[in-house]
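To be precise, the following lines are work_24.pdb, and they hold PDB, C-alpha atoms.
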```pdb
MODEL        1
ATOM      1  CA  MET O   1      25.428 -73.164 -47.254
ATOM      2  CA  SER O   2      26.792 -69.734 -48.092
ATOM      3  CA  SER O   3      24.541 -68.030 -45.509
ATOM      4  CA  THR O   4      25.837 -70.358 -42.773
ATOM      5  CA  LEU O   5      29.445 -69.476 -43.586
ATOM      6  CA  GLU O   6      28.635 -65.735 -43.488
ATOM      7  CA  VAL O   7      27.128 -66.063 -39.978
ATOM      8  CA  GLN O   8      30.152 -67.993 -38.718
ATOM      9  CA  GLU O   9      32.504 -65.392 -40.210
ATOM     10  CA  ALA O  10      30.495 -62.610 -38.537
ATOM     11  CA  ARG O  11      30.739 -64.355 -35.133
ATOM     12  CA  THR O  12      34.446 -64.876 -35.630
ATOM     13  CA  ALA O  13      34.924 -61.207 -36.488
ATOM     14  CA  THR O  14      33.123 -60.039 -33.280
ATOM     15  CA  PRO O  15      35.735 -59.042 -30.641
ATOM     16  CA  SER O  16      35.507 -60.940 -27.381
ATOM     17  CA  GLY O  17      37.168 -60.845 -24.002
ATOM     18  CA  SER O  18      39.000 -63.590 -22.261
ATOM     19  CA  SER O  19      35.706 -65.183 -21.230
ATOM     20  CA  GLY O  20      34.528 -65.363 -24.775
ATOM     21  CA  ARG O  21      31.809 -62.686 -24.215
ATOM     22  CA  PRO O  22      31.672 -59.579 -26.337
ATOM     23  CA  SER O  23      33.655 -56.755 -24.700
ATOM     24  CA  ARG O  24      31.795 -53.543 -23.673
ATOM     25  CA  PRO O  25      32.893 -50.198 -24.978
ATOM     26  CA  ALA O  26      34.947 -48.138 -22.513
ATOM     27  CA  ARG O  27      32.986 -45.457 -20.584
ATOM     28  CA  GLN O  28      33.955 -41.890 -21.181
ATOM     29  CA  ARG O  29      34.563 -39.758 -18.084
ATOM     30  CA  ILE O  30      32.634 -36.519 -18.128
ATOM     31  CA  PRO O  31      34.498 -33.803 -16.203
ATOM     32  CA  LEU O  32      32.416 -32.213 -13.394
ATOM     33  CA  PRO O  33      32.069 -28.452 -13.404
ATOM     34  CA  ARG O  34      34.345 -26.722 -10.905
ATOM     35  CA  ARG O  35      32.639 -25.109  -7.906
ATOM     36  CA  ARG O  36      32.528 -21.376  -8.349
ATOM     37  CA  SER O  37      33.770 -19.342  -5.406
ATOM     38  CA  LEU O  38      31.597 -16.524  -4.100
ATOM     39  CA  PRO O  39      32.752 -12.952  -4.622
ATOM     40  CA  PRO O  40      33.943 -11.078  -1.492
ATOM     41  CA  VAL O  41      30.719  -9.061  -1.175
ATOM     42  CA  SER O  42      28.575 -12.183  -1.321
ATOM     43  CA  ARG O  43      30.804 -13.902   1.230
ATOM     44  CA  ALA O  44      30.449 -10.964   3.613
ATOM     45  CA  LEU O  45      26.684 -10.930   3.122
ATOM     46  CA  ALA O  46      26.422 -14.678   3.658
ATOM     47  CA  GLY O  47      28.589 -14.387   6.755
ATOM     48  CA  GLY O  48      26.372 -11.645   8.146
ATOM     49  CA  LEU O  49      23.220 -13.634   7.486
ATOM     50  CA  GLY O  50      24.794 -16.684   9.109
ATOM     51  CA  ALA O  51      25.720 -14.651  12.172
ATOM     52  CA  LEU O  52      22.183 -13.253  12.361
ATOM     53  CA  ALA O  53      20.646 -16.711  12.063
ATOM     54  CA  ALA O  54      22.941 -18.080  14.772
ATOM     55  CA  MET O  55      22.143 -15.117  17.024
ATOM     56  CA  LEU O  56      18.391 -15.586  16.595
ATOM     57  CA  LEU O  57      18.721 -19.285  17.324
ATOM     58  CA  GLY O  58      20.848 -18.601  20.378
ATOM     59  CA  PHE O  59      18.422 -15.888  21.527
ATOM     60  CA  GLY O  60      15.498 -18.283  21.398
ATOM     61  CA  LEU O  61      17.451 -20.960  23.246
ATOM     62  CA  GLN O  62      18.691 -18.467  25.830
ATOM     63  CA  LEU O  63      15.281 -17.097  26.766
ATOM     64  CA  GLY O  64      13.624 -20.500  26.650
ATOM     65  CA  VAL O  65      15.667 -23.609  27.381
ATOM     66  CA  VAL O  66      19.110 -22.347  28.382
ATOM     67  CA  GLY O  67      17.714 -19.461  30.438
ATOM     68  CA  ALA O  68      15.451 -21.755  32.442
ATOM     69  CA  VAL O  69      18.333 -24.146  33.143
ATOM     70  CA  GLN O  70      20.553 -21.228  34.148
ATOM     71  CA  HIS O  71      17.851 -19.915  36.495
ATOM     72  CA  ASP O  72      17.392 -23.316  38.166
ATOM     73  CA  ARG O  73      21.147 -23.765  38.599
ATOM     74  CA  ASP O  74      21.592 -20.271  40.072
ATOM     75  CA  GLN O  75      18.687 -20.844  42.432
ATOM     76  CA  GLU O  76      20.135 -24.107  43.740
ATOM     77  CA  VAL O  77      23.506 -22.502  44.374
ATOM     78  CA  ALA O  78      21.968 -19.402  45.981
ATOM     79  CA  TYR O  79      19.695 -21.504  48.221
ATOM     80  CA  ASP O  80      22.597 -23.561  49.550
ATOM     81  CA  ASP O  81      24.710 -20.457  50.136
ATOM     82  CA  PHE O  82      21.893 -18.574  51.855
ATOM     83  CA  ARG O  83      21.107 -21.493  54.154
ATOM     84  CA  GLY O  84      24.749 -21.527  55.179
ATOM     85  CA  ALA O  85      24.670 -17.777  55.818
ATOM     86  CA  LEU O  86      21.535 -18.173  57.949
ATOM     87  CA  ALA O  87      23.135 -20.945  59.984
ATOM     88  CA  LEU O  88      26.203 -18.782  60.633
ATOM     89  CA  ALA O  89      24.113 -15.650  61.340
ATOM     90  CA  LEU O  90      25.807 -13.899  58.420
ATOM     91  CA  ALA O  91      22.735 -13.273  56.257
ATOM     92  CA  PRO O  92      22.204  -9.565  55.529
ATOM     93  CA  VAL O  93      19.533  -7.647  57.444
ATOM     94  CA  GLY O  94      19.807  -4.384  55.516
ATOM     95  CA  GLN O  95      21.444  -2.722  52.542
ATOM     96  CA  ALA O  96      24.933  -3.573  53.815
ATOM     97  CA  ASP O  97      26.583  -6.825  54.843
ATOM     98  CA  TYR O  98      27.986  -7.691  58.279
ATOM     99  CA  GLU O  99      31.191  -5.793  57.416
ATOM    100  CA  GLY O 100      29.270  -2.627  56.583
ATOM    101  CA  LYS O 101      29.844  -2.838  52.821
ATOM    102  CA  LEU O 102      27.007  -2.358  50.356
ATOM    103  CA  LEU O 103      25.623  -5.646  49.117
ATOM    104  CA  GLN O 104      26.857  -6.764  45.719
ATOM    105  CA  PRO O 105      24.266  -7.116  42.924
ATOM    106  CA  GLY O 106      22.689 -10.548  43.105
ATOM    107  CA  ALA O 107      23.639 -11.206  46.737
ATOM    108  CA  ALA O 108      20.962 -13.386  48.384
ATOM    109  CA  VAL O 109      18.826 -11.430  50.867
ATOM    110  CA  ALA O 110      15.675 -13.526  51.371
ATOM    111  CA  ILE O 111      13.723 -16.653  50.516
ATOM    112  CA  LEU O 112      10.270 -16.028  49.049
ATOM    113  CA  GLU O 113       7.547 -18.691  49.261
ATOM    114  CA  ILE O 114       4.023 -18.587  47.805
ATOM    115  CA  PRO O 115       2.202 -21.842  48.687
ATOM    116  CA  ARG O 116      -0.665 -21.352  46.196
ATOM    117  CA  LEU O 117       1.822 -21.209  43.308
ATOM    118  CA  GLY O 118       4.223 -23.801  44.704
ATOM    119  CA  LEU O 119       6.910 -21.130  44.427
ATOM    120  CA  ARG O 120      10.115 -20.962  46.438
ATOM    121  CA  GLU O 121      12.726 -18.530  45.153
ATOM    122  CA  VAL O 122      15.866 -16.966  46.550
ATOM    123  CA  VAL O 123      15.681 -13.188  46.228
ATOM    124  CA  GLY O 124      18.842 -11.385  45.140
ATOM    125  CA  GLU O 125      19.860  -7.788  45.740
ATOM    126  CA  GLY O 126      19.098  -5.463  42.830
ATOM    127  CA  THR O 127      16.571  -5.281  40.012
ATOM    128  CA  THR O 128      18.660  -5.069  36.814
ATOM    129  CA  SER O 129      18.106  -7.488  33.951
ATOM    130  CA  GLU O 130      21.278  -9.373  34.849
ATOM    131  CA  VAL O 131      20.192  -9.924  38.469
ATOM    132  CA  LEU O 132      16.702 -11.033  37.438
ATOM    133  CA  GLN O 133      18.155 -13.710  35.168
ATOM    134  CA  SER O 134      18.909 -15.711  38.323
ATOM    135  CA  GLY O 135      15.604 -15.090  40.091
ATOM    136  CA  PRO O 136      13.573 -12.354  41.792
ATOM    137  CA  GLY O 137      15.391  -9.195  42.833
ATOM    138  CA  HIS O 138      14.959  -6.855  45.803
ATOM    139  CA  ARG O 139      14.698  -3.156  45.040
ATOM    140  CA  ARG O 140      17.687  -1.704  46.836
ATOM    141  CA  ASP O 141      16.055   1.467  48.179
ATOM    142  CA  THR O 142      13.345  -0.447  50.065
ATOM    143  CA  VAL O 143      13.428  -2.396  53.322
ATOM    144  CA  LEU O 144      13.885  -6.146  53.369
ATOM    145  CA  PRO O 145      10.738  -8.314  53.482
ATOM    146  CA  GLY O 146       9.330  -8.496  57.003
ATOM    147  CA  GLN O 147      10.752  -5.169  58.170
ATOM    148  CA  ALA O 148       8.650  -2.111  59.007
ATOM    149  CA  GLY O 149       7.952  -0.321  55.739
ATOM    150  CA  THR O 150       7.303  -1.404  52.151
ATOM    151  CA  SER O 151       9.565  -3.988  50.554
ATOM    152  CA  VAL O 152       9.520  -4.283  46.746
ATOM    153  CA  VAL O 153      10.574  -7.421  44.848
ATOM    154  CA  PHE O 154      10.816  -7.674  41.043
ATOM    155  CA  GLY O 155      10.483 -10.929  39.079
ATOM    156  CA  ARG O 156      10.341 -12.023  35.440
ATOM    157  CA  ARG O 157       7.058 -12.832  33.755
ATOM    158  CA  ALA O 158       8.258 -15.384  31.171
ATOM    159  CA  GLY O 159      12.010 -15.451  30.516
ATOM    160  CA  TYR O 160      14.590 -17.329  32.591
ATOM    161  CA  GLY O 161      12.100 -19.639  34.218
ATOM    162  CA  GLY O 162       9.400 -16.950  34.636
ATOM    163  CA  PRO O 163       9.236 -17.200  38.455
ATOM    164  CA  PHE O 164       6.466 -14.540  38.658
ATOM    165  CA  SER O 165       4.393 -15.900  35.769
ATOM    166  CA  GLY O 166       1.524 -16.857  38.064
ATOM    167  CA  ILE O 167       1.317 -13.997  40.572
ATOM    168  CA  ALA O 168      -1.511 -12.333  38.608
ATOM    169  CA  GLY O 169      -3.698 -15.252  39.689
ATOM    170  CA  LEU O 170      -3.186 -14.693  43.414
ATOM    171  CA  ARG O 171      -6.354 -14.039  45.384
ATOM    172  CA  ILE O 172      -7.104 -11.794  48.303
ATOM    173  CA  GLY O 173      -6.124 -13.603  51.493
ATOM    174  CA  ASP O 174      -3.459 -15.863  49.920
ATOM    175  CA  ALA O 175      -0.410 -16.356  52.087
ATOM    176  CA  ILE O 176       3.163 -15.338  51.309
ATOM    177  CA  ARG O 177       6.170 -16.208  53.469
ATOM    178  CA  THR O 178       9.653 -14.751  53.507
ATOM    179  CA  THR O 179      12.792 -15.718  55.387
ATOM    180  CA  THR O 180      15.623 -13.263  56.006
ATOM    181  CA  GLY O 181      18.517 -12.945  58.418
ATOM    182  CA  GLN O 182      16.000 -11.693  61.009
ATOM    183  CA  GLY O 183      13.628 -14.653  60.742
ATOM    184  CA  GLU O 184      10.392 -15.656  59.017
ATOM    185  CA  ALA O 185       7.631 -13.217  58.138
ATOM    186  CA  THR O 186       4.097 -13.879  56.861
ATOM    187  CA  PHE O 187       1.962 -11.747  54.553
ATOM    188  CA  ARG O 188      -1.636 -11.721  53.325
ATOM    189  CA  VAL O 189      -2.381 -10.738  49.724
ATOM    190  CA  LEU O 190      -4.456  -7.552  49.403
ATOM    191  CA  GLY O 191      -4.970  -7.621  45.642
ATOM    192  CA  VAL O 192      -3.514  -7.112  42.177
ATOM    193  CA  ARG O 193      -2.819  -3.668  40.703
ATOM    194  CA  ARG O 194      -2.279  -2.701  37.075
ATOM    195  CA  ALA O 195      -1.465   0.604  35.421
ATOM    196  CA  GLY O 196      -4.157   3.164  36.250
ATOM    197  CA  ASP O 197      -5.455   1.378  39.353
ATOM    198  CA  PRO O 198      -5.547   3.408  42.586
ATOM    199  CA  VAL O 199      -2.537   3.098  44.851
ATOM    200  CA  LEU O 200      -2.792   1.847  48.407
ATOM    201  CA  ALA O 201      -3.018   4.150  51.380
ATOM    202  CA  PRO O 202       0.241   4.982  53.179
ATOM    203  CA  LEU O 203       1.369   2.526  55.825
ATOM    204  CA  ALA O 204       0.741   3.142  59.472
ATOM    205  CA  PRO O 205       3.855   3.560  61.637
ATOM    206  CA  GLY O 206       5.411   0.183  62.418
ATOM    207  CA  ALA O 207       3.407  -1.691  59.755
ATOM    208  CA  GLY O 208       4.924  -3.695  56.922
ATOM    209  CA  ARG O 209       4.017  -4.452  53.315
ATOM    210  CA  LEU O 210       5.390  -6.536  50.435
ATOM    211  CA  THR O 211       4.872  -5.592  46.773
ATOM    212  CA  LEU O 212       5.688  -8.082  44.015
ATOM    213  CA  VAL O 213       6.239  -6.554  40.551
ATOM    214  CA  THR O 214       6.297  -8.248  37.152
ATOM    215  CA  ALA O 215       5.317  -7.553  33.522
ATOM    216  CA  ASP O 216       1.671  -7.373  32.535
ATOM    217  CA  GLY O 217       0.269  -8.703  29.260
ATOM    218  CA  ASP O 218       1.225 -11.689  27.141
ATOM    219  CA  ALA O 219       4.463 -13.578  27.642
ATOM    220  CA  PHE O 220       7.459 -11.763  26.062
ATOM    221  CA  PHE O 221       5.147  -8.873  25.077
ATOM    222  CA  PRO O 222       4.944  -6.666  28.201
ATOM    223  CA  GLN O 223       2.192  -4.074  28.400
ATOM    224  CA  GLY O 224       3.092  -2.282  31.590
ATOM    225  CA  ALA O 225       3.847  -3.443  35.100
ATOM    226  CA  LEU O 226       1.654  -5.597  37.325
ATOM    227  CA  ARG O 227       1.856  -5.381  41.118
ATOM    228  CA  VAL O 228       0.646  -7.667  43.881
ATOM    229  CA  ASP O 229       0.388  -6.056  47.325
ATOM    230  CA  ALA O 230       0.457  -8.029  50.569
ATOM    231  CA  GLU O 231       0.251  -6.792  54.148
ATOM    232  CA  LEU O 232       2.540  -8.051  56.901
ATOM    233  CA  THR O 233       0.585 -10.168  59.388
ATOM    234  CA  SER O 234       3.494 -11.125  61.657
ATOM    235  CA  ALA O 235       5.417  -8.785  63.923
ATOM    236  CA  ALA O 236       7.558  -6.344  61.961
ATOM    237  CA  PHE O 237      11.338  -6.550  62.262
ATOM    238  CA  PRO O 238      13.291  -3.354  62.870
ATOM    239  CA  ALA O 239      14.813  -1.808  59.757
ATOM    240  CA  PRO O 240      18.369  -0.417  59.795
ATOM    241  CA  ALA O 241      19.038   3.105  58.598
ATOM    242  CA  LYS O 242      18.896   3.456  54.829
ATOM    243  CA  VAL O 243      22.112   3.900  52.920
ATOM    244  CA  VAL O 244      20.638   3.689  49.397
ATOM    245  CA  THR O 245      17.738   5.950  48.413
ATOM    246  CA  ALA O 246      15.575   6.167  45.301
ATOM    247  CA  ALA O 247      17.867   8.873  43.927
ATOM    248  CA  ASP O 248      20.776   6.407  43.984
ATOM    249  CA  LEU O 249      19.067   3.883  41.736
ATOM    250  CA  GLY O 250      20.120   3.709  38.097
ATOM    251  CA  ALA O 251      17.773   3.745  35.143
ATOM    252  CA  SER O 252      18.365   0.006  34.630
ATOM    253  CA  GLU O 253      16.803  -0.752  38.037
ATOM    254  CA  GLN O 254      13.400   0.692  37.187
ATOM    255  CA  PRO O 255      10.440  -1.468  36.078
ATOM    256  CA  LEU O 256      10.636  -2.629  32.441
ATOM    257  CA  ALA O 257      14.100  -1.116  31.981
ATOM    258  CA  GLY O 258      17.033  -2.619  30.115
ATOM    259  CA  ASP O 259      20.672  -2.699  31.149
ATOM    260  CA  SER O 260      22.749  -0.359  28.979
ATOM    261  CA  LYS O 261      25.976  -1.848  30.377
ATOM    262  CA  ALA O 262      25.382  -4.910  28.209
ATOM    263  CA  TRP O 263      26.306  -3.006  25.025
ATOM    264  CA  VAL O 264      30.073  -3.388  25.441
ATOM    265  CA  PRO O 265      30.143  -7.194  25.859
ATOM    266  CA  LEU O 266      27.463  -7.489  23.162
ATOM    267  CA  VAL O 267      29.672  -5.708  20.619
ATOM    268  CA  LEU O 268      32.711  -7.839  21.521
ATOM    269  CA  TRP O 269      30.842 -11.150  21.381
ATOM    270  CA  GLY O 270      29.044 -10.001  18.229
ATOM    271  CA  GLU O 271      32.348  -9.363  16.451
ATOM    272  CA  GLY O 272      33.504 -12.851  17.344
ATOM    273  CA  LEU O 273      30.250 -14.324  16.060
ATOM    274  CA  LEU O 274      30.543 -12.412  12.787
ATOM    275  CA  LEU O 275      34.111 -13.632  12.231
ATOM    276  CA  ALA O 276      33.015 -17.203  12.968
ATOM    277  CA  ALA O 277      30.161 -16.867  10.461
ATOM    278  CA  VAL O 278      32.544 -15.609   7.751
ATOM    279  CA  GLY O 279      34.877 -18.509   8.494
ATOM    280  CA  PHE O 280      31.933 -20.882   8.230
ATOM    281  CA  VAL O 281      31.065 -19.549   4.756
ATOM    282  CA  TRP O 282      34.695 -19.937   3.659
ATOM    283  CA  ALA O 283      34.841 -23.496   5.021
ATOM    284  CA  ARG O 284      31.622 -24.416   3.270
ATOM    285  CA  ALA O 285      33.005 -23.185  -0.062
ATOM    286  CA  ARG O 286      36.303 -25.047   0.393
ATOM    287  CA  TRP O 287      35.348 -28.197   2.326
ATOM    288  CA  GLY O 288      31.660 -28.759   1.678
ATOM    289  CA  ARG O 289      28.403 -28.196   3.529
ATOM    290  CA  TRP O 290      28.459 -31.032   6.053
ATOM    291  CA  GLN O 291      32.161 -30.662   6.813
ATOM    292  CA  ALA O 292      31.634 -26.969   7.511
ATOM    293  CA  TRP O 293      28.689 -27.668   9.826
ATOM    294  CA  ILE O 294      30.630 -30.295  11.756
ATOM    295  CA  ALA O 295      33.623 -27.996  12.217
ATOM    296  CA  GLY O 296      31.897 -24.638  12.583
ATOM    297  CA  GLY O 297      28.426 -25.399  13.933
ATOM    298  CA  PRO O 298      29.468 -25.825  17.588
ATOM    299  CA  ALA O 299      31.544 -22.631  17.415
ATOM    300  CA  LEU O 300      28.595 -20.647  16.059
ATOM    301  CA  VAL O 301      26.290 -21.914  18.810
ATOM    302  CA  ALA O 302      28.929 -21.306  21.519
ATOM    303  CA  LEU O 303      29.308 -17.688  20.387
ATOM    304  CA  ALA O 304      25.598 -17.150  19.771
ATOM    305  CA  LEU O 305      24.630 -17.949  23.369
ATOM    306  CA  PRO O 306      26.622 -15.119  25.037
ATOM    307  CA  VAL O 307      25.437 -12.746  22.299
ATOM    308  CA  ALA O 308      21.865 -13.755  23.103
ATOM    309  CA  ASP O 309      22.535 -13.388  26.829
ATOM    310  CA  CYS O 310      23.804  -9.824  26.365
ATOM    311  CA  THR O 311      20.886  -9.026  24.065
ATOM    312  CA  SER O 312      18.388 -10.233  26.657
ATOM    313  CA  ARG O 313      19.948  -7.879  29.199
ATOM    314  CA  LEU O 314      19.036  -4.971  26.936
ATOM    315  CA  LEU O 315      15.389  -6.020  26.995
ATOM    316  CA  PRO O 316      12.928  -5.104  29.798
ATOM    317  CA  ASN O 317      14.017  -6.619  33.105
ATOM    318  CA  LEU O 318      10.514  -7.942  33.866
ATOM    319  CA  LEU O 319      10.186  -9.780  30.534
TER     320      LEU O 319
ENDMDL
END
```
File written out as C-alpha cells:
Amino acid sequence: MSSTLEVQEARTATPSGSSGRPSRPARQRIPLPRRRSLPPVSRALAGGLGALAAMLLGFGLQLGVVGAVQHDRDQEVAYDDFRGALALALAPVGQADYEGKLLQPGAAVAILEIPRLGLREVVGEGTTSEVLQSGPGHRRDTVLPGQAGTSVVFGRRAGYGGPFSGIAGLRIGDAIRTTTGQGEATFRVLGVRRAGDPVLAPLAPGAGRLTLVTADGDAFFPQGALRVDAELTSAAFPAPAKVVTAADLGASEQPLAGDSKAWVPLVLWGEGLLLAAVGFVWARARWGRWQAWIAGGPALVALALPVADCTSRLLPNLL
C-alpha cells in the first residue's frame, strides 16, 4: 500500500505540459564561431590566383570553343561582303583598293577552295595573329592568287577553327581553286615541304604559283613551318605594280611570329581582371561562396576572354 502511494506521489511531482506529457528540457544555443577575415597579403594572393585561373579558363575557351565560333562568324560576314564586292566589281586586284589606298589588315582579297578537304575560306589581307584569327591571310608582299608570280597564304594549324589543319595530307595533283576580283584560277598541288626540304625552282616568266603555309608538328605545339606548293594551271592574270615589298613587312607578319602590339590591351584587360578577382575574394569573405560566384563569376569570364584573346595574339600566328 505504501509503495503504491509513493509511485503516485512521484507521478504527481513530475512536471508536465498542457497535454499532460512530460516537458522536454530547453535546448541550449551554441554560438557559431565567427568567420575569420583573410589578411591583406592573403587576399591579394587569392585574388591573383583567381585571376590566373580565370585567364587560363578563358584562354582554353578562346582557342577552342570561342575561337572556332568567332572564326565561323567572321567567315560568314566576310563571304557575304566579298560576294557583294565581286558583284559590284569592287573587289581588290592588288595591294591597293579601287581608290588607290593600301588595303586594311583583314580586308577580303580572295576565296580559297580545296575540294579534297571540303575547305572554303575567305582570305584576308595580312598575316598577323589578329588577321589569322578570322581565317587565312595573304602575305602582303606577294601577288594575289591567280596572278603571274608566287602568291603566299598563311593559315592556322589548330586554333580558331584550324582552317589549314589538313593541308599536310594533300597529294600531288590535288586541285585548288581561288576566286579574286579578276576571276577564278585553278592550281595543281606539287607537294608538301618542311624545314630542310629543297626549295622549288624559280618560276618561268608569266607562270603562277600558290604556296599555303601553316605550322608543322602537333596541334598547339608548332615545330617549324609546313608549306604546300601548287602550280597555276589556268591562264595567269596580270599583276599590278607592287607597292609593298618584303622590306615593308613587320616582324609580326613572318611565319610563327607573334603580334607585339597585343601587349598594351593585354595589360589593360589584365588589370581589370585582377581587380575583379580581388573583388571576388572580398565578396566571398563577406557574402559567401555561392553568392560570390553568382555575382562575380560572369564578370570574371567576361574579362578573361579578352585577356585570352590578347594572349593568343602574342603566340605564333600559325598556331
Rounded to one decimal in Å, what is the spacing between CA of Thr211 (chain O) and CA of Ile167 (chain O)?
11.0 Å
Quote the spacing between CA of Asp141 (chain O) and CA of Leu88 (chain O) in Å to one decimal place.
25.8 Å
Rounded to one decimal place, report the CA of Glu231 (chain O)-CA of Gly208 (chain O) distance in Å.
6.3 Å
Closest-contact table, region 53-101 of chain O side, partner region 146-157 of chain O, 12 Å, counting only C-alpha atoms, as JSON lines:
```
{"residue": "O:Leu63", "atom": "CA", "partner": "O:Arg156", "partner_atom": "CA", "distance": 11.2}
{"residue": "O:Gly67", "atom": "CA", "partner": "O:Arg156", "partner_atom": "CA", "distance": 11.6}
{"residue": "O:Ala68", "atom": "CA", "partner": "O:Arg156", "partner_atom": "CA", "distance": 11.4}
{"residue": "O:His71", "atom": "CA", "partner": "O:Arg156", "partner_atom": "CA", "distance": 10.9}
{"residue": "O:Val93", "atom": "CA", "partner": "O:Gln147", "partner_atom": "CA", "distance": 9.2}
{"residue": "O:Gly94", "atom": "CA", "partner": "O:Gln147", "partner_atom": "CA", "distance": 9.5}
```
Could you save those same residues with C-alpha atoms as a JSON list (two decimals), in the frame of the given file?
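The resulting file, selection_8.json, is shown below:
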```
[["chain", "number", "residue", "atom", "x", "y", "z"],
["O", 63, "LEU", "CA", 15.28, -17.10, 26.77],
["O", 67, "GLY", "CA", 17.71, -19.46, 30.44],
["O", 68, "ALA", "CA", 15.45, -21.76, 32.44],
["O", 71, "HIS", "CA", 17.85, -19.92, 36.49],
["O", 93, "VAL", "CA", 19.53, -7.65, 57.44],
["O", 94, "GLY", "CA", 19.81, -4.38, 55.52]]
```
Calculated over only C-alpha atoms, which of the candidates O:Tyr79, O:Val192, O:Pro240, O:Leu249 has the smallest distance to Ile172 (chain O)?
O:Val192
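Residue nearest Ile176 (chain O) within the list O:Ala225, O:Val122, O:Leu232, O:Ala204: O:Leu232 [criterion: smallest interatomic distance, only C-alpha atoms].
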Contacts of Ala215 (chain O) at 9 Å (all atoms listed in the file; same-chain gap of 4+ positions) as a PDB file with C-alpha atoms, in the coordinates of the input:
```
ATOM      1  CA  GLY O 155      10.483 -10.929  39.079  1.00  0.00           C
ATOM      2  CA  ARG O 156      10.341 -12.023  35.440  1.00  0.00           C
ATOM      3  CA  ARG O 157       7.058 -12.832  33.755  1.00  0.00           C
ATOM      4  CA  ALA O 158       8.258 -15.384  31.171  1.00  0.00           C
ATOM      5  CA  PHE O 164       6.466 -14.540  38.658  1.00  0.00           C
ATOM      6  CA  SER O 165       4.393 -15.900  35.769  1.00  0.00           C
ATOM      7  CA  ALA O 219       4.463 -13.578  27.642  1.00  0.00           C
ATOM      8  CA  PHE O 220       7.459 -11.763  26.062  1.00  0.00           C
ATOM      9  CA  PHE O 221       5.147  -8.873  25.077  1.00  0.00           C
ATOM     10  CA  PRO O 222       4.944  -6.666  28.201  1.00  0.00           C
ATOM     11  CA  GLN O 223       2.192  -4.074  28.400  1.00  0.00           C
ATOM     12  CA  GLY O 224       3.092  -2.282  31.590  1.00  0.00           C
ATOM     13  CA  ALA O 225       3.847  -3.443  35.100  1.00  0.00           C
ATOM     14  CA  LEU O 226       1.654  -5.597  37.325  1.00  0.00           C
ATOM     15  CA  ARG O 227       1.856  -5.381  41.118  1.00  0.00           C
ATOM     16  CA  PRO O 255      10.440  -1.468  36.078  1.00  0.00           C
ATOM     17  CA  LEU O 256      10.636  -2.629  32.441  1.00  0.00           C
ATOM     18  CA  PRO O 316      12.928  -5.104  29.798  1.00  0.00           C
ATOM     19  CA  ASN O 317      14.017  -6.619  33.105  1.00  0.00           C
ATOM     20  CA  LEU O 318      10.514  -7.942  33.866  1.00  0.00           C
ATOM     21  CA  LEU O 319      10.186  -9.780  30.534  1.00  0.00           C
TER      22      LEU O 319
END
```
What's the 8 Å shell around region 260-273 of chain O, counting all atoms listed in the file, without same-chain residues fewer than 4 positions away, as a compact mmCIF listing (two decimals) with C-alpha atoms, in the coordinates of the input?
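Just written: selection38.txt:
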```
# COMPACT_ATOMS: atom_id res chain seq x y z
CA ALA O 51 25.72 -14.65 12.17
CA SER O 252 18.36 0.01 34.63
CA ALA O 277 30.16 -16.87 10.46
CA LEU O 300 28.60 -20.65 16.06
CA LEU O 303 29.31 -17.69 20.39
CA ALA O 304 25.60 -17.15 19.77
CA PRO O 306 26.62 -15.12 25.04
CA VAL O 307 25.44 -12.75 22.30
CA CYS O 310 23.80 -9.82 26.36
CA THR O 311 20.89 -9.03 24.06
CA ARG O 313 19.95 -7.88 29.20
CA LEU O 314 19.04 -4.97 26.94
```
